[in-house]
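Data file: entry29.pdb. Format and content: PDB, C-alpha atoms, pLDDT in the B column.
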ATOM      1  CA  MET A   1       0.000   0.000   0.000  1.00 56.00           C
ATOM      2  CA  GLN A   2       1.283   3.492  -0.784  1.00 66.00           C
ATOM      3  CA  ASN A   3       2.145   5.118   2.539  1.00 71.00           C
ATOM      4  CA  ASN A   4       1.943   8.732   1.348  1.00 84.00           C
ATOM      5  CA  LEU A   5      -1.556   8.100   0.067  1.00 88.00           C
ATOM      6  CA  LEU A   6      -2.551   6.448   3.346  1.00 89.00           C
ATOM      7  CA  TYR A   7      -1.103   9.264   5.474  1.00 92.00           C
ATOM      8  CA  LYS A   8      -2.694  11.960   3.335  1.00 93.00           C
ATOM      9  CA  HIS A   9      -6.162  10.455   3.629  1.00 92.00           C
ATOM     10  CA  THR A  10      -5.961   9.474   7.304  1.00 92.00           C
ATOM     11  CA  MET A  11      -4.671  12.936   8.228  1.00 94.00           C
ATOM     12  CA  THR A  12      -7.526  14.581   6.357  1.00 94.00           C
ATOM     13  CA  TYR A  13     -10.193  12.243   7.689  1.00 95.00           C
ATOM     14  CA  GLY A  14      -8.646  12.369  11.174  1.00 94.00           C
ATOM     15  CA  LEU A  15      -8.941  16.143  11.060  1.00 95.00           C
ATOM     16  CA  TYR A  16     -12.645  15.820  10.226  1.00 96.00           C
ATOM     17  CA  VAL A  17     -13.271  13.317  13.016  1.00 95.00           C
ATOM     18  CA  GLY A  18     -11.219  15.263  15.583  1.00 94.00           C
ATOM     19  CA  LEU A  19     -13.099  18.445  14.732  1.00 95.00           C
ATOM     20  CA  ALA A  20     -16.405  16.568  15.030  1.00 94.00           C
ATOM     21  CA  PHE A  21     -15.389  15.318  18.506  1.00 91.00           C
ATOM     22  CA  SER A  22     -14.447  18.854  19.498  1.00 91.00           C
ATOM     23  CA  PHE A  23     -17.678  20.288  18.113  1.00 93.00           C
ATOM     24  CA  ILE A  24     -19.748  17.786  20.117  1.00 89.00           C
ATOM     25  CA  VAL A  25     -17.952  18.695  23.351  1.00 87.00           C
ATOM     26  CA  PHE A  26     -18.291  22.408  22.588  1.00 89.00           C
ATOM     27  CA  VAL A  27     -22.041  22.101  21.942  1.00 89.00           C
ATOM     28  CA  MET A  28     -22.463  20.127  25.168  1.00 85.00           C
ATOM     29  CA  HIS A  29     -20.491  22.853  26.967  1.00 83.00           C
ATOM     30  CA  LEU A  30     -22.826  25.513  25.568  1.00 87.00           C
ATOM     31  CA  ALA A  31     -25.786  23.398  26.701  1.00 86.00           C
ATOM     32  CA  GLY A  32     -24.403  23.389  30.253  1.00 81.00           C
ATOM     33  CA  TYR A  33     -23.012  19.846  30.470  1.00 77.00           C
ATOM     34  CA  PRO A  34     -19.345  19.787  31.515  1.00 73.00           C
ATOM     35  CA  HIS A  35     -17.275  17.116  29.811  1.00 71.00           C
ATOM     36  CA  VAL A  36     -15.096  14.749  31.816  1.00 68.00           C
ATOM     37  CA  PRO A  37     -13.352  11.590  30.583  1.00 66.00           C
ATOM     38  CA  GLY A  38     -15.655   8.593  30.758  1.00 66.00           C
ATOM     39  CA  ASP A  39     -18.984  10.386  30.399  1.00 71.00           C
ATOM     40  CA  SER A  40     -21.719   9.844  27.807  1.00 74.00           C
ATOM     41  CA  VAL A  41     -19.960  12.101  25.292  1.00 78.00           C
ATOM     42  CA  GLY A  42     -17.215   9.473  25.147  1.00 77.00           C
ATOM     43  CA  VAL A  43     -19.748   6.822  24.154  1.00 82.00           C
ATOM     44  CA  PHE A  44     -21.126   9.081  21.445  1.00 84.00           C
ATOM     45  CA  ASN A  45     -17.583   9.779  20.227  1.00 85.00           C
ATOM     46  CA  ALA A  46     -16.929   6.024  20.027  1.00 86.00           C
ATOM     47  CA  LEU A  47     -20.031   5.588  17.876  1.00 90.00           C
ATOM     48  CA  LEU A  48     -18.917   8.472  15.697  1.00 91.00           C
ATOM     49  CA  MET A  49     -15.465   6.882  15.371  1.00 92.00           C
ATOM     50  CA  ALA A  50     -17.005   3.551  14.329  1.00 92.00           C
ATOM     51  CA  MET A  51     -19.136   5.246  11.684  1.00 94.00           C
ATOM     52  CA  ALA A  52     -16.101   7.223  10.483  1.00 92.00           C
ATOM     53  CA  PHE A  53     -14.064   4.011  10.162  1.00 94.00           C
ATOM     54  CA  LEU A  54     -16.792   2.442   8.074  1.00 94.00           C
ATOM     55  CA  TYR A  55     -17.490   5.430   5.855  1.00 95.00           C
ATOM     56  CA  PHE A  56     -13.969   6.785   5.321  1.00 94.00           C
ATOM     57  CA  GLY A  57     -12.382   3.328   5.232  1.00 92.00           C
ATOM     58  CA  ARG A  58     -14.729   2.101   2.522  1.00 92.00           C
ATOM     59  CA  LYS A  59     -14.362   5.363   0.638  1.00 93.00           C
ATOM     60  CA  PHE A  60     -10.558   5.031   0.719  1.00 92.00           C
ATOM     61  CA  ARG A  61     -10.736   1.351  -0.253  1.00 90.00           C
ATOM     62  CA  ASP A  62     -13.116   1.913  -3.166  1.00 90.00           C
ATOM     63  CA  LEU A  63     -11.213   4.931  -4.436  1.00 91.00           C
ATOM     64  CA  HIS A  64      -7.666   3.545  -4.336  1.00 89.00           C
ATOM     65  CA  PHE A  65      -7.688  -0.218  -3.710  1.00 87.00           C
ATOM     66  CA  PRO A  66     -10.924  -1.730  -5.071  1.00 82.00           C
ATOM     67  CA  GLU A  67      -9.364  -5.121  -5.840  1.00 83.00           C
ATOM     68  CA  VAL A  68      -7.313  -5.962  -2.740  1.00 84.00           C
ATOM     69  CA  PHE A  69      -7.690  -4.211   0.619  1.00 86.00           C
ATOM     70  CA  LEU A  70      -6.732  -6.721   3.282  1.00 89.00           C
ATOM     71  CA  TYR A  71      -7.626  -6.738   6.978  1.00 90.00           C
ATOM     72  CA  ARG A  72      -4.171  -5.441   7.900  1.00 90.00           C
ATOM     73  CA  HIS A  73      -4.598  -2.493   5.522  1.00 90.00           C
ATOM     74  CA  ALA A  74      -8.006  -1.695   6.996  1.00 91.00           C
ATOM     75  CA  LEU A  75      -6.624  -1.985  10.531  1.00 92.00           C
ATOM     76  CA  GLY A  76      -3.695   0.290   9.669  1.00 92.00           C
ATOM     77  CA  PHE A  77      -6.130   2.809   8.236  1.00 93.00           C
ATOM     78  CA  ALA A  78      -8.238   2.657  11.412  1.00 94.00           C
ATOM     79  CA  VAL A  79      -5.235   3.047  13.721  1.00 94.00           C
ATOM     80  CA  LEU A  80      -3.847   6.031  11.819  1.00 94.00           C
ATOM     81  CA  LEU A  81      -7.282   7.628  11.635  1.00 95.00           C
ATOM     82  CA  SER A  82      -7.711   7.272  15.391  1.00 95.00           C
ATOM     83  CA  VAL A  83      -4.214   8.673  16.081  1.00 96.00           C
ATOM     84  CA  PHE A  84      -4.773  11.763  13.944  1.00 96.00           C
ATOM     85  CA  ALA A  85      -8.295  12.315  15.306  1.00 96.00           C
ATOM     86  CA  ALA A  86      -6.990  11.916  18.871  1.00 95.00           C
ATOM     87  CA  PHE A  87      -4.221  14.423  18.154  1.00 96.00           C
ATOM     88  CA  ILE A  88      -6.711  17.093  17.035  1.00 96.00           C
ATOM     89  CA  TYR A  89      -9.130  16.267  19.860  1.00 94.00           C
ATOM     90  CA  SER A  90      -6.391  16.433  22.508  1.00 95.00           C
ATOM     91  CA  PHE A  91      -5.445  19.953  21.366  1.00 95.00           C
ATOM     92  CA  PHE A  92      -9.067  20.969  21.791  1.00 94.00           C
ATOM     93  CA  SER A  93      -9.166  19.242  25.192  1.00 91.00           C
ATOM     94  CA  TYR A  94      -6.192  21.283  26.354  1.00 94.00           C
ATOM     95  CA  PHE A  95      -7.939  24.464  25.233  1.00 93.00           C
ATOM     96  CA  TYR A  96     -11.185  23.265  26.833  1.00 89.00           C
ATOM     97  CA  TYR A  97      -9.707  22.543  30.262  1.00 89.00           C
ATOM     98  CA  ALA A  98      -7.382  25.568  30.223  1.00 91.00           C
ATOM     99  CA  TYR A  99      -9.810  28.270  29.070  1.00 91.00           C
ATOM    100  CA  LEU A 100     -13.404  27.142  28.515  1.00 87.00           C
ATOM    101  CA  GLU A 101     -13.992  24.937  31.549  1.00 84.00           C
ATOM    102  CA  PRO A 102     -11.117  25.186  34.038  1.00 83.00           C
ATOM    103  CA  GLU A 103     -13.462  23.901  36.751  1.00 83.00           C
ATOM    104  CA  GLY A 104     -13.922  20.703  34.722  1.00 81.00           C
ATOM    105  CA  ILE A 105     -10.831  19.217  36.335  1.00 83.00           C
ATOM    106  CA  ASN A 106     -12.243  19.894  39.816  1.00 85.00           C
ATOM    107  CA  TYR A 107     -15.548  18.355  38.727  1.00 82.00           C
ATOM    108  CA  PHE A 108     -13.643  15.277  37.535  1.00 80.00           C
ATOM    109  CA  ILE A 109     -11.788  15.061  40.862  1.00 84.00           C
ATOM    110  CA  GLU A 110     -15.055  15.321  42.811  1.00 84.00           C
ATOM    111  CA  GLN A 111     -16.547  12.534  40.695  1.00 81.00           C
ATOM    112  CA  MET A 112     -13.503  10.414  41.538  1.00 81.00           C
ATOM    113  CA  ARG A 113     -13.945  11.254  45.241  1.00 83.00           C
ATOM    114  CA  LEU A 114     -17.551  10.049  45.095  1.00 82.00           C
ATOM    115  CA  ALA A 115     -16.583   6.895  43.243  1.00 79.00           C
ATOM    116  CA  TYR A 116     -13.855   6.013  45.734  1.00 79.00           C
ATOM    117  CA  SER A 117     -15.815   6.826  48.876  1.00 80.00           C
ATOM    118  CA  GLU A 118     -19.278   5.487  47.982  1.00 78.00           C
ATOM    119  CA  LYS A 119     -18.712   2.651  45.540  1.00 72.00           C
ATOM    120  CA  ASN A 120     -15.350   1.337  46.716  1.00 69.00           C
ATOM    121  CA  LYS A 121     -15.970   2.021  50.425  1.00 74.00           C
ATOM    122  CA  LEU A 122     -12.437   3.291  50.994  1.00 76.00           C
ATOM    123  CA  PRO A 123     -11.601   4.976  54.299  1.00 81.00           C
ATOM    124  CA  LYS A 124     -11.757   8.777  54.304  1.00 82.00           C
ATOM    125  CA  GLU A 125      -7.983   9.105  54.786  1.00 86.00           C
ATOM    126  CA  GLN A 126      -7.243   7.058  51.663  1.00 84.00           C
ATOM    127  CA  VAL A 127      -9.835   8.960  49.639  1.00 82.00           C
ATOM    128  CA  ASP A 128      -8.339  12.280  50.759  1.00 85.00           C
ATOM    129  CA  ALA A 129      -4.834  11.079  49.839  1.00 86.00           C
ATOM    130  CA  LEU A 130      -6.019  10.003  46.367  1.00 84.00           C
ATOM    131  CA  VAL A 131      -7.863  13.275  45.808  1.00 85.00           C
ATOM    132  CA  GLU A 132      -4.769  15.224  46.834  1.00 88.00           C
ATOM    133  CA  LEU A 133      -2.709  13.166  44.376  1.00 87.00           C
ATOM    134  CA  TYR A 134      -5.198  13.955  41.606  1.00 84.00           C
ATOM    135  CA  LYS A 135      -5.182  17.668  42.477  1.00 86.00           C
ATOM    136  CA  ASN A 136      -1.392  17.772  42.259  1.00 86.00           C
ATOM    137  CA  SER A 137      -1.112  15.830  39.010  1.00 86.00           C
ATOM    138  CA  LEU A 138      -4.131  16.860  36.926  1.00 87.00           C
ATOM    139  CA  ASN A 139      -3.815  19.971  34.798  1.00 90.00           C
ATOM    140  CA  PRO A 140      -4.964  20.838  31.257  1.00 90.00           C
ATOM    141  CA  GLY A 141      -1.869  19.193  29.753  1.00 92.00           C
ATOM    142  CA  SER A 142      -2.349  15.921  31.597  1.00 91.00           C
ATOM    143  CA  MET A 143      -6.066  15.915  30.750  1.00 88.00           C
ATOM    144  CA  ALA A 144      -5.154  16.374  27.067  1.00 91.00           C
ATOM    145  CA  ALA A 145      -2.729  13.440  27.351  1.00 93.00           C
ATOM    146  CA  ILE A 146      -5.426  11.313  28.991  1.00 89.00           C
ATOM    147  CA  VAL A 147      -7.829  12.194  26.176  1.00 88.00           C
ATOM    148  CA  PHE A 148      -5.192  11.380  23.541  1.00 94.00           C
ATOM    149  CA  PHE A 149      -4.334   7.954  24.943  1.00 94.00           C
ATOM    150  CA  TYR A 150      -7.980   7.097  25.604  1.00 90.00           C
ATOM    151  CA  GLN A 151      -8.996   8.007  22.053  1.00 91.00           C
ATOM    152  CA  VAL A 152      -6.111   6.058  20.507  1.00 94.00           C
ATOM    153  CA  PHE A 153      -6.815   3.016  22.693  1.00 94.00           C
ATOM    154  CA  SER A 154     -10.542   3.022  21.969  1.00 92.00           C
ATOM    155  CA  GLY A 155      -9.838   3.703  18.282  1.00 92.00           C
ATOM    156  CA  VAL A 156      -7.530   0.690  18.044  1.00 94.00           C
ATOM    157  CA  LEU A 157     -10.113  -1.526  19.752  1.00 94.00           C
ATOM    158  CA  LEU A 158     -12.835  -0.268  17.422  1.00 93.00           C
ATOM    159  CA  GLY A 159     -10.480  -0.665  14.474  1.00 93.00           C
ATOM    160  CA  LEU A 160      -9.926  -4.330  15.285  1.00 94.00           C
ATOM    161  CA  VAL A 161     -13.645  -4.926  14.840  1.00 93.00           C
ATOM    162  CA  MET A 162     -14.471  -2.412  12.124  1.00 91.00           C
ATOM    163  CA  ALA A 163     -11.602  -3.511   9.850  1.00 91.00           C
ATOM    164  CA  VAL A 164     -13.538  -6.716   9.205  1.00 90.00           C
ATOM    165  CA  PHE A 165     -16.282  -4.649   7.581  1.00 90.00           C
ATOM    166  CA  VAL A 166     -13.922  -2.399   5.620  1.00 90.00           C
ATOM    167  CA  LYS A 167     -11.606  -4.973   4.031  1.00 87.00           C
ATOM    168  CA  THR A 168     -12.323  -6.199   0.537  1.00 81.00           C
ATOM    169  CA  PRO A 169     -14.694  -9.162   0.728  1.00 78.00           C
ATOM    170  CA  ALA A 170     -13.137 -12.485  -0.180  1.00 69.00           C
ATOM    171  CA  ARG A 171     -13.852 -13.690  -3.697  1.00 69.00           C
ATOM    172  CA  TYR A 172     -14.061 -17.360  -4.418  1.00 62.00           C
ATOM    173  CA  ASP A 173     -13.405 -17.895  -8.103  1.00 57.00           C
ATOM    174  CA  LYS A 174     -13.198 -21.379  -9.539  1.00 48.00           C
TER     175      LYS A 174
END

Mind turning this structure into structure tokens?
Amino acid sequence: MQNNLLYKHTMTYGLYVGLAFSFIVFVMHLAGYPHVPGDSVGVFNALLMAMAFLYFGRKFRDLHFPEVFLYRHALGFAVLLSVFAAFIYSFFSYFYYAYLEPEGINYFIEQMRLAYSEKNKLPKEQVDALVELYKNSLNPGSMAAIVFFYQVFSGVLLGLVMAVFVKTPARYDK
């Protein structure tokens, strides 16, 4: 497969998907719903990523490789698409947590406090120590890194499944 062609298309399509992720978070912000990693926006972004893999992957396959587009090619396309989309989305996440919603990090920490104290039944001292650790280590840059790695990881997992539907169907000629 021609790498320059693959990079050109995955960068372009990754830009579209990353901007779509950012737009969704921005609209939810305007509607009054703060975004934190692991919320329902993440599920919607995963569905959007799956649809993007199918649409853009098939478009790329049909345009450039209609005869042979193997599973490994489709998986490579999906991985690169998720990396480039995550790159764009992580830049927006930095901007989001630094300027638009700086209290989003505190909201995330409070959600973690509730999860540790109510669901895990940890003692108050341990919960306070964990919350203090989060307060010292979470900033807009680390939140952007978390978003990047989460998006790449979920994109690779989705790509493993979606590549089956993007590859060229097997032909059995006799």

Worksheet item: Using the chain letters and numbers from the file, which residues does the PyMOL selection byres ((chain A and resi 169) around 12) grab, as a list in words?
Response: Arg58, Arg61, Asp62, Pro66, Glu67, Val68, Phe69, Leu70, Tyr71, Ala74, Ala163, Val164, Phe165, Val166, Lys167, Thr168, Ala170, Arg171 and Tyr172 of chain A

Item to complete: Considering all atoms listed in the file, state which residue in the set A:Phe148, A:Phe44, A:Tyr7, A:Phe153 is at the smallest distance from A:Phe91.
Response: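 Among the listed residues, A:Phe148 lies closest to A:Phe91.
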
Fill in: Target residues per the PyMOL selection byres ((chain A and resi 156) around 12), formatted as a PyMOL selection string
chain A and resi 46+49-50+53+74-83+85-86+149-155+157-163

Item to complete: Identify, on the basis of only C-alpha atoms, every residue whose closest approach to A:Glu103 does not exceed 10 Å; exclude the query and any residue fewer than 6 positions from it along the same chain; express the result as number ranges by chain.
Response: A: 34, 97, 109

Keeping only C-alpha atoms, write the selected residues as a compact mmCIF listing (two decimals), in the coordinates of the input.
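Saved to result07.txt:
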# COMPACT_ATOMS: atom_id res chain seq x y z
CA PRO A 34 -19.34 19.79 31.52
CA TYR A 97 -9.71 22.54 30.26
CA ILE A 109 -11.79 15.06 40.86

Discussion item. Once the PyMOL selection byres ((chain A and resi 95) around 12) is applied to the coordinates I shared, what remains selected? I want it as a list in words.
Written reply: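 Given this file, the PyMOL selection byres ((chain A and resi 95) around 12) evaluates to Ser22, Val25, Phe26, Ile88, Tyr89, Ser90, Phe91, Phe92, Ser93, Tyr94, Tyr96, Tyr97, Ala98, Tyr99, Leu100, Glu101, Pro102, Gly104, Asn139, Pro140, Gly141, Met143 and Ala144 of chain A.
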
Go ahead and write the selection's residues with C-alpha atoms as a PDB file, in the frame of the given file.
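Written file, part-v5.pdb:
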ATOM      1  CA  SER A  22     -14.447  18.854  19.498  1.00 91.00           C
ATOM      2  CA  VAL A  25     -17.952  18.695  23.351  1.00 87.00           C
ATOM      3  CA  PHE A  26     -18.291  22.408  22.588  1.00 89.00           C
ATOM      4  CA  ILE A  88      -6.711  17.093  17.035  1.00 96.00           C
ATOM      5  CA  TYR A  89      -9.130  16.267  19.860  1.00 94.00           C
ATOM      6  CA  SER A  90      -6.391  16.433  22.508  1.00 95.00           C
ATOM      7  CA  PHE A  91      -5.445  19.953  21.366  1.00 95.00           C
ATOM      8  CA  PHE A  92      -9.067  20.969  21.791  1.00 94.00           C
ATOM      9  CA  SER A  93      -9.166  19.242  25.192  1.00 91.00           C
ATOM     10  CA  TYR A  94      -6.192  21.283  26.354  1.00 94.00           C
ATOM     11  CA  TYR A  96     -11.185  23.265  26.833  1.00 89.00           C
ATOM     12  CA  TYR A  97      -9.707  22.543  30.262  1.00 89.00           C
ATOM     13  CA  ALA A  98      -7.382  25.568  30.223  1.00 91.00           C
ATOM     14  CA  TYR A  99      -9.810  28.270  29.070  1.00 91.00           C
ATOM     15  CA  LEU A 100     -13.404  27.142  28.515  1.00 87.00           C
ATOM     16  CA  GLU A 101     -13.992  24.937  31.549  1.00 84.00           C
ATOM     17  CA  PRO A 102     -11.117  25.186  34.038  1.00 83.00           C
ATOM     18  CA  GLY A 104     -13.922  20.703  34.722  1.00 81.00           C
ATOM     19  CA  ASN A 139      -3.815  19.971  34.798  1.00 90.00           C
ATOM     20  CA  PRO A 140      -4.964  20.838  31.257  1.00 90.00           C
ATOM     21  CA  GLY A 141      -1.869  19.193  29.753  1.00 92.00           C
ATOM     22  CA  MET A 143      -6.066  15.915  30.750  1.00 88.00           C
ATOM     23  CA  ALA A 144      -5.154  16.374  27.067  1.00 91.00           C
TER      24      ALA A 144
END
